[in-house]
Amino acid sequence: MPVFELFKKLKRLRNFKLSAGVLGFFLASISVNFCFFYLDYRAVLTWFPFPAQSDRFLSKGSSEDQRVEFLGQKGNGCDIFEGDWVWDENYPLYQSKDCRFLDDGFRCSENGRPDLRYTKWRWQPKDCNLPRFDAKLMLEKLRNKRLVFIGDSIGRNQWESLLCMLSSAVPNSESIYEVNGSPITKHKGFLVFKFKDFNCTVEYYRSPFLVLQSRPPVGAPQKVKTTLKLDQMDWNSVRWRDADVLVLNTGHWWNYEKTVRGGCYFQEGAKVKMDMTVEHAYHRSIETVVHWIHNELNSSKTQVFFRSYAPVHFRGGDWRTGGNCHLETLPELGSSLVPSNIWVQFKIANAVLSEHINTSEVKKIEVLNVTSMTSQRKDGHSSLYYLGPDEGPAPIHRQDCSHWCLPGVPDTWNEVLYALFLKREANRFYNSSE
């Protein structure tokens, strides 16, 4: 073969190798970029077995050594609701199989949910550290006291979470019982669980509107089946007045579907307000709650918390129209995909509290402002796994993207509740020593 022909063949081969190398580099770059676009790069870190490192990378804002302790005096200025979800191998705080105080609908792992990553996230405030939840300490602080949850089924979600968290410190589970012998599953009305060794109760009262729902007044239009009396509290409110800690919530039932569409209209005095919007009615109900707290409760005895609205995460519809969330297995780290303009209930409650911000009425209320932090947890819902272990996953078009798996997100609400509960006592100590 002539030398010239050999040289040309070698040159073509070298060009082919160069082109293949360029093409390979291009494809690899595209793959990496797609991975980081589709999965938040911070979430990718959690796949690696370095939990201590993932915490460092997932946290943002102040570094670890700049954070103060929330319960210390320097923690008074810390906004514990501004922060991030960080991976923590020490979570969850309990296992659902070990807790007998859970409805089947919240036992996602036992109902067939295959992943457990949703149980491993801890809330980390930007500028301070929350105290680690200590069930025995909280029970000691609750000795001879009543802690009462009032609200809708999301409030029940939180109440059952706390029962599991507290019971983990009680070796004899038989010493915890419902005082009326009522079963916890599918029970409506109210439930009072007593921790015998501490002589304290942790109670739940079903009151999705907080105000009174009753039969319509005489002469109301035929389409009015029930009314919400916006200027009167629920009948059971007489049972709440002597509680030592109250945790109130309302919001998920304040929509057209749960009210006007079903014939439930709004009433003030003896008059049914046929044209009143749901939003206006909700505003009026929160005002009634605030006035009730001011007029009926002893602020030196009762610590009052109002938990803000917990966003839902339906995609492609709602609970009636095939909305789903079953493919979500990671939080939305950094910001929420839930548009803030749909948090109507959150905005209304905030507006009412802002109206009273300079009065003694609001000073008696601490807001568990969980809306923003919870909006990032699209991965934590029951989705398909709420029917019970014997029935298997629900039909794909009948998902629950409102309620939460336990253990899970409501545990964090209770960790924040625990921190604020202890903070009040800490501040009393500091003030008395000055």
# chains A, B, ... in the order shown; residues from 1 in each chain; ligands from 1
$ select_by_dssp --residues "stretch 167-346 of chain A" --states "helix (DSSP H, G or I)" --output "ChimeraX atom specification"
/A:167,173-175,196-198,237-240,260-262,278-296,340-342,344-346
$ write_last_selection --atoms "C-alpha atoms" --output "tab-separated table (two decimals), in the first residue's frame"
chain	number	residue	atom	x	y	z
A	167	SER	CA	-46.66	6.83	74.17
A	173	SER	CA	-49.20	0.80	77.00
A	174	GLU	CA	-52.17	-0.41	79.05
A	175	SER	CA	-51.71	2.64	81.28
A	196	LYS	CA	-52.51	7.25	83.94
A	197	ASP	CA	-48.96	7.48	85.28
A	198	PHE	CA	-48.93	11.24	84.66
A	237	SER	CA	-66.58	24.75	73.53
A	238	VAL	CA	-67.72	24.55	77.17
A	239	ARG	CA	-65.48	21.46	77.46
A	240	TRP	CA	-62.47	23.33	76.13
A	260	VAL	CA	-73.27	25.78	50.12
A	261	ARG	CA	-73.29	22.89	47.64
A	262	GLY	CA	-74.52	20.58	50.40
A	278	VAL	CA	-67.50	31.19	51.96
A	279	GLU	CA	-64.47	33.47	52.32
A	280	HIS	CA	-66.45	36.17	54.16
A	281	ALA	CA	-68.05	33.55	56.40
A	282	TYR	CA	-64.66	32.08	57.28
A	283	HIS	CA	-63.39	35.54	58.14
A	284	ARG	CA	-66.34	36.07	60.49
A	285	SER	CA	-65.84	32.67	62.13
A	286	ILE	CA	-62.18	33.39	62.92
A	287	GLU	CA	-63.24	36.69	64.50
A	288	THR	CA	-65.67	34.74	66.70
A	289	VAL	CA	-62.89	32.35	67.73
A	290	VAL	CA	-60.57	35.23	68.63
A	291	HIS	CA	-63.26	36.92	70.74
A	292	TRP	CA	-64.07	33.62	72.48
A	293	ILE	CA	-60.44	33.14	73.44
A	294	HIS	CA	-60.31	36.68	74.80
A	295	ASN	CA	-63.56	36.50	76.76
A	296	GLU	CA	-63.77	32.89	77.91
A	340	SER	CA	-49.42	30.77	47.43
A	341	ASN	CA	-52.49	32.46	45.95
A	342	ILE	CA	-54.58	29.33	46.58
A	344	VAL	CA	-57.22	31.35	50.86
A	345	GLN	CA	-57.82	30.06	54.38
A	346	PHE	CA	-54.27	30.93	55.44
$ residues_around --residues "stretch 318-325 of chain A" --least-positions-apart "6" --cutoff "6 Å" --atoms "only C-alpha atoms" --output "list in words"
Ser383, His397 and Gln399 of chain A
$ write_last_selection --atoms "N, CA, C and O atoms" --output "mmCIF file, in the first residue's frame"
data_model
loop_
_atom_site.group_PDB
_atom_site.id
_atom_site.type_symbol
_atom_site.label_atom_id
_atom_site.label_comp_id
_atom_site.auth_asym_id
_atom_site.auth_seq_id
_atom_site.Cartn_x
_atom_site.Cartn_y
_atom_site.Cartn_z
ATOM 1 N N SER A 383 -51.958 9.350 49.907
ATOM 2 C CA SER A 383 -52.136 9.030 48.478
ATOM 3 C C SER A 383 -52.977 7.748 48.291
ATOM 4 O O SER A 383 -54.160 7.749 48.576
ATOM 5 N N HIS A 397 -57.585 6.713 40.874
ATOM 6 C CA HIS A 397 -58.355 7.951 40.714
ATOM 7 C C HIS A 397 -59.012 8.390 42.022
ATOM 8 O O HIS A 397 -59.747 9.371 42.033
ATOM 9 N N GLN A 399 -57.379 9.181 45.253
ATOM 10 C CA GLN A 399 -56.233 9.384 46.127
ATOM 11 C C GLN A 399 -56.530 10.409 47.219
ATOM 12 O O GLN A 399 -57.393 11.278 47.080
#
$ closest_atom_pairs --of "stretch 234-289 of chain A" --to "stretch 401-406 of chain A" --cutoff "12 Å" --atoms "only C-alpha atoms" --output "tab-separated table"
residue	atom	partner	partner_atom	distance
A:Gly251	CA	A:Ser402	CA	11.9
A:His252	CA	A:Ser402	CA	8.9
A:Trp253	CA	A:Ser402	CA	11.6
$ atom_distance --atom1 "atom CA of A:Gln222" --atom2 "atom CA of A:Asn255"
21.1 Å
$ residues_around --residues "A:His326" --least-positions-apart "3" --cutoff "9 Å" --atoms "only C-alpha atoms" --output "PyMOL selection string"
chain A and resi 329+379+381-385+396+399-401
$ closest_residue --among "A:Ser354, A:Asn414, A:Thr277, A:Ser168" --to "A:Phe149" --atoms "only C-alpha atoms"
A:Asn414
$ closest_residue --among "A:Lys258, A:Arg67, A:Arg241, A:Arg206" --to "A:Gln124" --atoms "only C-alpha atoms"
A:Arg67
$ select_by_dssp --residues "stretch 171-278 of chain A" --states "strand (DSSP E or B)" --output "PyMOL selection string"
chain A and resi 176-178+190-195+200-206+211-214+226-233+245-248+264-268+271-273
$ atom_distance --atom1 "atom CA of A:Gln95" --atom2 "atom CA of A:Pro407"
6.6 Å
$ atom_distance --atom1 "atom CA of A:Thr185" --atom2 "atom CA of A:Arg100"
10.1 Å
$ closest_residue --among "A:Thr250, A:Leu417, A:Arg315, A:Asn236" --to "A:Ile348" --atoms "only C-alpha atoms"
A:Thr250
$ closest_residue --among "A:Val367, A:Lys145, A:Val224, A:Gly219" --to "A:Asn199" --atoms "only C-alpha atoms"
A:Lys145
$ closest_residue --among "A:Ile154, A:Val68, A:Met165, A:Leu116" --to "A:Glu89" --atoms "only C-alpha atoms"
A:Leu116
$ closest_residue --among "A:Pro114, A:Gly408, A:Gly316, A:Pro183" --to "A:Phe101" --atoms "only C-alpha atoms"
A:Pro183
